[in-house]
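A.B. asks: Mind having a look at this structure? Questions to follow.
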Amino acid sequence: MTDLANIRLFATHPHDCSYLDNEEATTIFVDPNQKVDATLYSNLSERGFRRSGSHLYRPHCKNCNACVAARVPAQLFKASRKQRKCWNRNQDLDVSSTKIQTDEHYELYARYIEERHSDGDMYPPTREQFDSFLTPEWGVTEYLEFRRSDKLVAVAVCDRMSEGYSAVYTYFDPSESRKGLGVFAILWQIELCKKLGLSNLYLGYWIKQCQKMSYKTEYRPLELLTENRWIRIS
């Protein structure tokens, strides 16, 4: 087992924050030459790290601590009335898992970015950017396909951890926005954790001042990593 204290970390230069106006961000990331396996990845996730492609990172800003790692204790999760309605609304979907990204996945991703996130860092979408961002890593990545009458309407990229799953990214058919497919994908991953007896679904970072991140507090109970301790809010 790798001693976490011996892992080399590097820091980016301060740069404009992607989430908060007038803020500078600094990110620390694990040495790209570090050998990573499922166990190390799980241990780093427990300490608030996320991945983008093959890069493991964590915010480390000098004057700001707004980014807070969040996870749902799956076995304790209770769906709200709104979430139950979303779950019931999408029971016509068939869900399957694959380890391989396909052209069909990319075509759906490109439509999603072009129509929903044309003001973001991932616009315009390219196949190279797609492959590097959502690449399978360390033998833990699954692509959950959501289909209606064989038509692919959503993909949830998730990583199997030692004691849970990490929700890496979800994209869906923009014409299906009213179906709440993003919410349904998270609910489905929570149910997957329950079924497999796993403890947590990691949701990435929650930022109180960022409206785009507010949805994460709708999953209760929720645990937030505060001063290196997971604190539960219900």
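Letters A, B, ... mark the chains of the structure tokens in the order given; residue numbers begin at 1 per chain; ligand numbers begin at 1, in order shown.
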Skipping near chain neighbours, those fewer than 3 positions away, what residues fall within 6 Å of A:Tyr57 using only C-alpha atoms, listed as a count of residues only?

C.D. replies: 4

A.B. asks: Applying 10 Å and only C-alpha atoms, which residues near A:His60 remain after dropping the ones on its own chain fewer than 3 positions away? List them as a PDB file with C-alpha atoms, in the first residue's frame.

C.D. replies:
ATOM      1  CA  ALA A  11       0.677  23.156  -7.450  1.00  0.00           C
ATOM      2  CA  THR A  12      -0.533  25.202 -10.385  1.00  0.00           C
ATOM      3  CA  PRO A  14      -2.820  31.030  -9.422  1.00  0.00           C
ATOM      4  CA  ALA A  25      -7.678  29.532  -7.773  1.00  0.00           C
ATOM      5  CA  THR A  26      -4.742  27.228  -7.118  1.00  0.00           C
ATOM      6  CA  THR A  27      -4.912  23.479  -7.594  1.00  0.00           C
ATOM      7  CA  ILE A  28      -2.636  20.786  -6.232  1.00  0.00           C
ATOM      8  CA  PHE A  29      -2.320  17.577  -8.206  1.00  0.00           C
ATOM      9  CA  TYR A  57      -6.371  17.037  -8.011  1.00  0.00           C
ATOM     10  CA  ASN A  63      -7.461  33.070   0.211  1.00  0.00           C
ATOM     11  CA  CYS A  64     -10.514  30.883  -0.347  1.00  0.00           C
ATOM     12  CA  ASN A  65     -11.865  27.554   0.906  1.00  0.00           C
ATOM     13  CA  CYS A  67     -14.762  24.285  -2.653  1.00  0.00           C
TER      14      CYS A  67
END

A.B. asks: Given the choices A:Leu44, A:Val155, A:Leu196, A:Ile7, which gets closest to A:Gly182 if the distance is worked out from only C-alpha atoms?

C.D. replies: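 Answer, going by the shortest atom-to-atom distance: A:Val155.
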